[in-house]
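Trainee: My questions all concern the structure below.
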Amino acid sequence: MKLEKLDKDLIWHPFTPLSGSPDPLLIQSAKGVYLETQDGRKIIDAISSWWVNIHGHSNEFIANAIHQQALKLEHVIFAGFTHEPAIRLAKNLQAILPGDMSKIFFSDDGSTSVEVALKMALQFWYNQGVIKKKVVAIRGAYHGDTFGAMAVGERGIFTDPFQSHLFDVAYIDFPVAEVESKVLKDFKELLETEEIAAFIFEPLVQGAAGMRMYSPLILDSLIREAKRHNVICIADEIFTGFGRTGKTFACDYLTETPDIIAVSKGITGGTMALGVTGCSKKIVAAFDSDDLTKTFFHGHSYTANPLACAAANASFELLMKEECRSQITMINSLHESFRARVQAHSKVKEARCLGTILAVELRSYDETSYANDLRKKIYPFFLERDILLRPLGNVIYLLPPYVIQESELDRIYSTIEEFLDTLI
Ligand SMILES: Cc1ncc(COP(=O)(O)O)c(C=O)c1O
């Protein structure tokens, strides 16, 4: 039976209505920025396959690291046992993570690293006998699809069926320039009137909300205020980490540092599923006890999988190379020039850029949102031209693997302009 038919019969794809959706494309192989189909199509992966791929597909250096590790130790239980790839990765991460991340906790993906972060923050207070339960999040946030992660995200079509099962969260408005001082005032009031356990945020860019960007200065002020009220600050760098915003982490644009950080996606260069939650000495101190009730009872079967850790160590080596840094700089400078140019187009409401992220928000009669119907035009237009761009409603965004070439970026930019000219 044809693979496509078997797929249709057997497989339930993520974020995809079960009927009315086009059939998925069968990808046979991938190299660098290209996804390759059986019939020889080469599609530019302009969104790094859901923001994970940073060094290009089928990267030989990472593939070799996974291969060598698989021949040596593919997996071992991580309670009571440990291994070199995890220890090396913890050391590598500690060297680059913002702030003092004195302990590294492994899990499986972005959502689980957020769950770990939230549970650490809540148990931090519990272990000290302090009653602080409420979490503050920013409107529009997306932190993942597990229950805790959904609870601290924006509520809407993704979360409606589960609404009554999600814990209560206080939201502050998204701090765009025009409302920064109001948001800070509201946040201060919240901190004065309620017992807040933690503040979670996507630093500088809310990805799923449409690549919405905000200033490091206001985020610094919010963190400073939270810390003044002894609130645990959690940075969700799952999307923004590992060079995506131009610096190694988005928090590197700040003067304040988080108490807890969640990372995933680019950590393995986009090859293996892995989540990491780092936390400061202050957090660790509340768990540092032989009292069983103070133990952090959380773990997954594949915690610190050696293959994933080996991939992450290899990806780390590539990320630290000058070559990678200069690619990021090149992408940013081309993005910036295109942003300035496209901003003037009559169909563009706003064009935004940070590091390797470029977002073009289109004017639309409907509000800017994931459900905006323009996505139904945008996605096929680009795919027909062998470019994978998966818009967030009326927001076209581009965040390529760092190995992309100038000519490939130019091709994507001119196709975006071609699309804009089709809009009446
Ligand atoms: C900021 C942020 N947090 C968490 C997640 C969830 O990560 P995952 O899909 O790996 O569970 C995402 C995924 O897009 C994200 O962008």
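Following the order of the structure tokens, chains are lettered A, B, ..., residues in each are numbered from 1, and ligands are numbered from 1.
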Taking only C-alpha atoms and all ligand atoms into account, which residues have an atom no farther than 9 Å from ligand 1? I'd like them as a VMD selection string.
Mentor: chain A and resid 50 to 52 108 to 114 141 to 146 149 201 to 203 205 to 208 236 to 240 262 to 265 273 to 275
Trainee: As a list in words, please: the residues near Thr82 of chain A (cut-off 10 Å, only C-alpha atoms, same-chain neighbours under 6 positions excluded).
Mentor: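 Contacts, with the query itself left out: Val76, Ala304 and Pro306 of chain A.
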Trainee: Here is a test: counting only C-alpha atoms, which residue of A:Gly40, A:Pro85, A:Gly99, A:Gly129 is nearest to Thr293 of chain A?
Mentor: A:Gly129
Trainee: As an MDAnalysis selection string, list the residues of segment 16-170 of chain A assigned to helix (DSSP H, G or I) by DSSP on the backbone atoms of this structure.
Mentor: chainID A and resid 48:51 60:72 84:96 110:127 147:151 160:165
Trainee: Please compute the atom CA of Gly241 of chain A-atom CA of Ile378 of chain A distance, one decimal, in Å.
Mentor: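 Straight-line distance from atom CA of Gly241 of chain A to atom CA of Ile378 of chain A works out to 27.1 Å.
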Trainee: Please identify the strand (DSSP E) residues within segment 302-402 of chain A (assignment by DSSP from backbone atoms) and present them as a PDB file with all heavy atoms, in the first residue's frame.
Mentor:
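Generated output (out-v2.pdb):
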```
ATOM      1  N   VAL A 348       1.298  45.649   4.328  1.00  0.00           N
ATOM      2  CA  VAL A 348       2.012  45.261   5.551  1.00  0.00           C
ATOM      3  C   VAL A 348       1.628  46.191   6.697  1.00  0.00           C
ATOM      4  O   VAL A 348       1.751  47.410   6.597  1.00  0.00           O
ATOM      5  CB  VAL A 348       3.546  45.285   5.319  1.00  0.00           C
ATOM      6  CG1 VAL A 348       4.306  45.047   6.618  1.00  0.00           C
ATOM      7  CG2 VAL A 348       3.920  44.241   4.271  1.00  0.00           C
ATOM      8  N   LYS A 349       1.158  45.574   7.785  1.00  0.00           N
ATOM      9  CA  LYS A 349       0.801  46.375   8.959  1.00  0.00           C
ATOM     10  C   LYS A 349       2.081  46.693   9.736  1.00  0.00           C
ATOM     11  O   LYS A 349       2.315  47.815  10.148  1.00  0.00           O
ATOM     12  CB  LYS A 349      -0.163  45.557   9.822  1.00  0.00           C
ATOM     13  CG  LYS A 349      -0.718  46.290  11.004  1.00  0.00           C
ATOM     14  CD  LYS A 349      -1.830  45.469  11.631  1.00  0.00           C
ATOM     15  CE  LYS A 349      -2.270  46.087  12.927  1.00  0.00           C
ATOM     16  NZ  LYS A 349      -2.911  45.105  13.783  1.00  0.00           N
ATOM     17  N   GLU A 350       2.895  45.663   9.927  1.00  0.00           N
ATOM     18  CA  GLU A 350       4.164  45.873  10.636  1.00  0.00           C
ATOM     19  C   GLU A 350       5.136  44.760  10.266  1.00  0.00           C
ATOM     20  O   GLU A 350       4.728  43.604  10.128  1.00  0.00           O
ATOM     21  CB  GLU A 350       3.939  45.857  12.152  1.00  0.00           C
ATOM     22  CG  GLU A 350       5.172  46.264  12.928  1.00  0.00           C
ATOM     23  CD  GLU A 350       4.991  46.160  14.439  1.00  0.00           C
ATOM     24  OE1 GLU A 350       4.737  45.057  14.928  1.00  0.00           O
ATOM     25  OE2 GLU A 350       5.123  47.190  15.109  1.00  0.00           O
ATOM     26  N   ALA A 351       6.394  45.122  10.094  1.00  0.00           N
ATOM     27  CA  ALA A 351       7.431  44.102   9.900  1.00  0.00           C
ATOM     28  C   ALA A 351       8.379  44.193  11.092  1.00  0.00           C
ATOM     29  O   ALA A 351       8.743  45.286  11.527  1.00  0.00           O
ATOM     30  CB  ALA A 351       8.173  44.336   8.600  1.00  0.00           C
ATOM     31  N   ARG A 352       8.730  43.014  11.659  1.00  0.00           N
ATOM     32  CA  ARG A 352       9.544  42.986  12.874  1.00  0.00           C
ATOM     33  C   ARG A 352      10.741  42.064  12.665  1.00  0.00           C
ATOM     34  O   ARG A 352      10.642  41.075  11.930  1.00  0.00           O
ATOM     35  CB  ARG A 352       8.725  42.437  14.051  1.00  0.00           C
ATOM     36  CG  ARG A 352       7.433  43.166  14.321  1.00  0.00           C
ATOM     37  CD  ARG A 352       6.710  42.568  15.508  1.00  0.00           C
ATOM     38  NE  ARG A 352       5.883  41.425  15.167  1.00  0.00           N
ATOM     39  CZ  ARG A 352       4.620  41.489  14.739  1.00  0.00           C
ATOM     40  NH1 ARG A 352       4.040  42.668  14.581  1.00  0.00           N
ATOM     41  NH2 ARG A 352       3.938  40.388  14.470  1.00  0.00           N
ATOM     42  N   CYS A 353      11.806  42.399  13.346  1.00  0.00           N
ATOM     43  CA  CYS A 353      12.989  41.549  13.203  1.00  0.00           C
ATOM     44  C   CYS A 353      13.777  41.538  14.513  1.00  0.00           C
ATOM     45  O   CYS A 353      13.928  42.568  15.175  1.00  0.00           O
ATOM     46  CB  CYS A 353      13.857  42.112  12.074  1.00  0.00           C
ATOM     47  SG  CYS A 353      15.436  41.315  11.919  1.00  0.00           S
ATOM     48  N   LEU A 354      14.239  40.369  14.893  1.00  0.00           N
ATOM     49  CA  LEU A 354      15.191  40.249  16.007  1.00  0.00           C
ATOM     50  C   LEU A 354      16.074  39.049  15.703  1.00  0.00           C
ATOM     51  O   LEU A 354      15.593  37.923  15.554  1.00  0.00           O
ATOM     52  CB  LEU A 354      14.453  40.052  17.346  1.00  0.00           C
ATOM     53  CG  LEU A 354      15.375  39.961  18.571  1.00  0.00           C
ATOM     54  CD1 LEU A 354      16.086  41.282  18.868  1.00  0.00           C
ATOM     55  CD2 LEU A 354      14.602  39.508  19.814  1.00  0.00           C
ATOM     56  N   ILE A 357      15.062  36.079  13.395  1.00  0.00           N
ATOM     57  CA  ILE A 357      13.594  36.024  13.276  1.00  0.00           C
ATOM     58  C   ILE A 357      13.102  37.240  12.482  1.00  0.00           C
ATOM     59  O   ILE A 357      13.413  38.381  12.834  1.00  0.00           O
ATOM     60  CB  ILE A 357      12.916  36.070  14.666  1.00  0.00           C
ATOM     61  CG1 ILE A 357      13.509  35.025  15.602  1.00  0.00           C
ATOM     62  CG2 ILE A 357      11.404  35.917  14.547  1.00  0.00           C
ATOM     63  CD1 ILE A 357      13.159  35.248  17.070  1.00  0.00           C
ATOM     64  N   LEU A 358      12.323  36.960  11.449  1.00  0.00           N
ATOM     65  CA  LEU A 358      11.692  38.050  10.701  1.00  0.00           C
ATOM     66  C   LEU A 358      10.196  37.774  10.668  1.00  0.00           C
ATOM     67  O   LEU A 358       9.778  36.657  10.359  1.00  0.00           O
ATOM     68  CB  LEU A 358      12.229  38.093   9.276  1.00  0.00           C
ATOM     69  CG  LEU A 358      11.501  39.097   8.386  1.00  0.00           C
ATOM     70  CD1 LEU A 358      12.060  40.503   8.583  1.00  0.00           C
ATOM     71  CD2 LEU A 358      11.595  38.703   6.933  1.00  0.00           C
ATOM     72  N   ALA A 359       9.379  38.776  10.992  1.00  0.00           N
ATOM     73  CA  ALA A 359       7.927  38.589  10.951  1.00  0.00           C
ATOM     74  C   ALA A 359       7.313  39.714  10.133  1.00  0.00           C
ATOM     75  O   ALA A 359       7.687  40.883  10.280  1.00  0.00           O
ATOM     76  CB  ALA A 359       7.358  38.606  12.363  1.00  0.00           C
ATOM     77  N   VAL A 360       6.400  39.343   9.245  1.00  0.00           N
ATOM     78  CA  VAL A 360       5.696  40.340   8.438  1.00  0.00           C
ATOM     79  C   VAL A 360       4.203  40.179   8.739  1.00  0.00           C
ATOM     80  O   VAL A 360       3.589  39.177   8.372  1.00  0.00           O
ATOM     81  CB  VAL A 360       5.970  40.123   6.928  1.00  0.00           C
ATOM     82  CG1 VAL A 360       5.253  41.192   6.105  1.00  0.00           C
ATOM     83  CG2 VAL A 360       7.464  40.124   6.628  1.00  0.00           C
ATOM     84  N   GLU A 361       3.660  41.155   9.465  1.00  0.00           N
ATOM     85  CA  GLU A 361       2.243  41.088   9.837  1.00  0.00           C
ATOM     86  C   GLU A 361       1.428  41.788   8.760  1.00  0.00           C
ATOM     87  O   GLU A 361       1.653  42.964   8.453  1.00  0.00           O
ATOM     88  CB  GLU A 361       2.041  41.758  11.197  1.00  0.00           C
ATOM     89  CG  GLU A 361       0.614  41.672  11.677  1.00  0.00           C
ATOM     90  CD  GLU A 361       0.441  42.185  13.107  1.00  0.00           C
ATOM     91  OE1 GLU A 361       1.428  42.248  13.872  1.00  0.00           O
ATOM     92  OE2 GLU A 361      -0.702  42.545  13.447  1.00  0.00           O
ATOM     93  N   LEU A 362       0.492  41.056   8.163  1.00  0.00           N
ATOM     94  CA  LEU A 362      -0.283  41.603   7.051  1.00  0.00           C
ATOM     95  C   LEU A 362      -1.526  42.338   7.551  1.00  0.00           C
ATOM     96  O   LEU A 362      -2.116  41.936   8.570  1.00  0.00           O
ATOM     97  CB  LEU A 362      -0.714  40.476   6.117  1.00  0.00           C
ATOM     98  CG  LEU A 362       0.410  39.565   5.609  1.00  0.00           C
ATOM     99  CD1 LEU A 362      -0.149  38.553   4.625  1.00  0.00           C
ATOM    100  CD2 LEU A 362       1.503  40.372   4.938  1.00  0.00           C
ATOM    101  N   ILE A 387       8.722  26.570  -0.873  1.00  0.00           N
ATOM    102  CA  ILE A 387       9.210  27.230   0.348  1.00  0.00           C
ATOM    103  C   ILE A 387       8.249  26.874   1.479  1.00  0.00           C
ATOM    104  O   ILE A 387       7.039  27.097   1.358  1.00  0.00           O
ATOM    105  CB  ILE A 387       9.258  28.774   0.180  1.00  0.00           C
ATOM    106  CG1 ILE A 387      10.264  29.147  -0.925  1.00  0.00           C
ATOM    107  CG2 ILE A 387       9.631  29.449   1.490  1.00  0.00           C
ATOM    108  CD1 ILE A 387      10.222  30.616  -1.318  1.00  0.00           C
ATOM    109  N   LEU A 388       8.788  26.308   2.545  1.00  0.00           N
ATOM    110  CA  LEU A 388       7.938  26.014   3.699  1.00  0.00           C
ATOM    111  C   LEU A 388       7.910  27.227   4.621  1.00  0.00           C
ATOM    112  O   LEU A 388       8.893  27.552   5.293  1.00  0.00           O
ATOM    113  CB  LEU A 388       8.460  24.780   4.463  1.00  0.00           C
ATOM    114  CG  LEU A 388       7.853  24.547   5.850  1.00  0.00           C
ATOM    115  CD1 LEU A 388       6.330  24.404   5.804  1.00  0.00           C
ATOM    116  CD2 LEU A 388       8.458  23.327   6.520  1.00  0.00           C
ATOM    117  N   VAL A 395       0.311  36.460  10.061  1.00  0.00           N
ATOM    118  CA  VAL A 395       1.727  36.806  10.244  1.00  0.00           C
ATOM    119  C   VAL A 395       2.599  35.787   9.511  1.00  0.00           C
ATOM    120  O   VAL A 395       2.596  34.598   9.839  1.00  0.00           O
ATOM    121  CB  VAL A 395       2.115  36.850  11.744  1.00  0.00           C
ATOM    122  CG1 VAL A 395       3.603  37.174  11.895  1.00  0.00           C
ATOM    123  CG2 VAL A 395       1.258  37.849  12.502  1.00  0.00           C
ATOM    124  N   ILE A 396       3.304  36.287   8.497  1.00  0.00           N
ATOM    125  CA  ILE A 396       4.285  35.442   7.804  1.00  0.00           C
ATOM    126  C   ILE A 396       5.576  35.583   8.592  1.00  0.00           C
ATOM    127  O   ILE A 396       5.999  36.702   8.888  1.00  0.00           O
ATOM    128  CB  ILE A 396       4.545  35.950   6.362  1.00  0.00           C
ATOM    129  CG1 ILE A 396       3.258  35.908   5.532  1.00  0.00           C
ATOM    130  CG2 ILE A 396       5.645  35.145   5.695  1.00  0.00           C
ATOM    131  CD1 ILE A 396       3.425  36.489   4.121  1.00  0.00           C
ATOM    132  N   TYR A 397       6.179  34.479   8.952  1.00  0.00           N
ATOM    133  CA  TYR A 397       7.467  34.627   9.638  1.00  0.00           C
ATOM    134  C   TYR A 397       8.481  33.692   9.018  1.00  0.00           C
ATOM    135  O   TYR A 397       8.149  32.673   8.418  1.00  0.00           O
ATOM    136  CB  TYR A 397       7.333  34.398  11.149  1.00  0.00           C
ATOM    137  CG  TYR A 397       7.048  32.959  11.501  1.00  0.00           C
ATOM    138  CD1 TYR A 397       8.091  32.065  11.695  1.00  0.00           C
ATOM    139  CD2 TYR A 397       5.752  32.495  11.595  1.00  0.00           C
ATOM    140  CE1 TYR A 397       7.836  30.736  11.995  1.00  0.00           C
ATOM    141  CE2 TYR A 397       5.492  31.174  11.884  1.00  0.00           C
ATOM    142  CZ  TYR A 397       6.535  30.299  12.086  1.00  0.00           C
ATOM    143  OH  TYR A 397       6.288  28.987  12.363  1.00  0.00           O
ATOM    144  N   LEU A 398       9.711  34.101   9.206  1.00  0.00           N
ATOM    145  CA  LEU A 398      10.826  33.394   8.601  1.00  0.00           C
ATOM    146  C   LEU A 398      11.890  33.235   9.671  1.00  0.00           C
ATOM    147  O   LEU A 398      12.320  34.215  10.275  1.00  0.00           O
ATOM    148  CB  LEU A 398      11.300  34.281   7.433  1.00  0.00           C
ATOM    149  CG  LEU A 398      12.609  34.044   6.743  1.00  0.00           C
ATOM    150  CD1 LEU A 398      12.667  32.628   6.214  1.00  0.00           C
ATOM    151  CD2 LEU A 398      12.732  35.021   5.574  1.00  0.00           C
TER     152      LEU A 398
END
```
Trainee: Do a neighbour search on Ile172 of chain A at 7 Å with only C-alpha atoms, toss out local chain neighbours closer than 2 positions, and write the hits as an MDAnalysis selection string.
Mentor: chainID A and resid 137:139 170 174 183 187
Trainee: How would the residues just picked look written out with C-alpha atoms as a PDB file, in the first residue's frame?
Mentor:
```pdb
ATOM      1  CA  ALA A 137       1.959  35.163  32.881  1.00  0.00           C
ATOM      2  CA  ILE A 138       1.843  37.557  29.931  1.00  0.00           C
ATOM      3  CA  ARG A 139      -1.247  37.700  27.699  1.00  0.00           C
ATOM      4  CA  ALA A 170      -3.033  36.175  36.743  1.00  0.00           C
ATOM      5  CA  PHE A 174       1.642  42.272  26.538  1.00  0.00           C
ATOM      6  CA  VAL A 183       1.681  47.113  32.363  1.00  0.00           C
ATOM      7  CA  PHE A 187       2.144  44.271  37.648  1.00  0.00           C
TER       8      PHE A 187
END
```
Trainee: Here is a test: counting only C-alpha atoms, which residue of A:Ile200, A:Met213, A:Ile424, A:Val403 is nearest to Thr245 of chain A?
Mentor: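 Between A:Ile200, A:Met213, A:Ile424, A:Val403, the residue approaching Thr245 of chain A most closely is A:Met213.
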Trainee: Quick one: of A:Tyr34, A:Leu26, A:Asp366, A:Ser19, who's nearest to Asp386 of chain A, counting only C-alpha atoms?
Mentor: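 That would be A:Tyr34, the residue with the smallest distance to Asp386 of chain A.
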Trainee: Fewer than 4 positions away in the same chain doesn't count, so skip those; otherwise give me all residues within 12 Å of segment 408-419 of chain A, counting only C-alpha atoms, as a count of residues only.
Mentor: 60
Trainee: Interatomic distance between atom CA of Tyr302 of chain A and atom CA of Met120 of chain A?
Mentor: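 Atom CA of Tyr302 of chain A sits 19.4 Å away from atom CA of Met120 of chain A.
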Trainee: In Å, how far is it from atom CA of Phe147 of chain A to atom CA of Glu74 of chain A?
Mentor: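 Atom CA of Glu74 of chain A lies at a distance of 29.9 Å from atom CA of Phe147 of chain A.
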Trainee: Mind checking which residues fall within 8 Å of segment 251-256 of chain A, counting only C-alpha atoms, ignoring those fewer than 3 positions away in the same chain, and posting them as a list of chain:residue names?
Mentor: A:Pro98, A:Pro203, A:Pro216, A:Leu217, A:Leu219, A:Asp220, A:Ile223, A:Arg224, A:Ala235, A:Lys247, A:Thr248
Trainee: Would you list the contacts of His67 of chain A as a ChimeraX atom specification, taking every protein, DNA or RNA residue within 10 Å and counting only C-alpha atoms, but skipping same-chain residues closer than 5 positions in sequence?
Mentor: /A:61-62,72,74,307,310-311
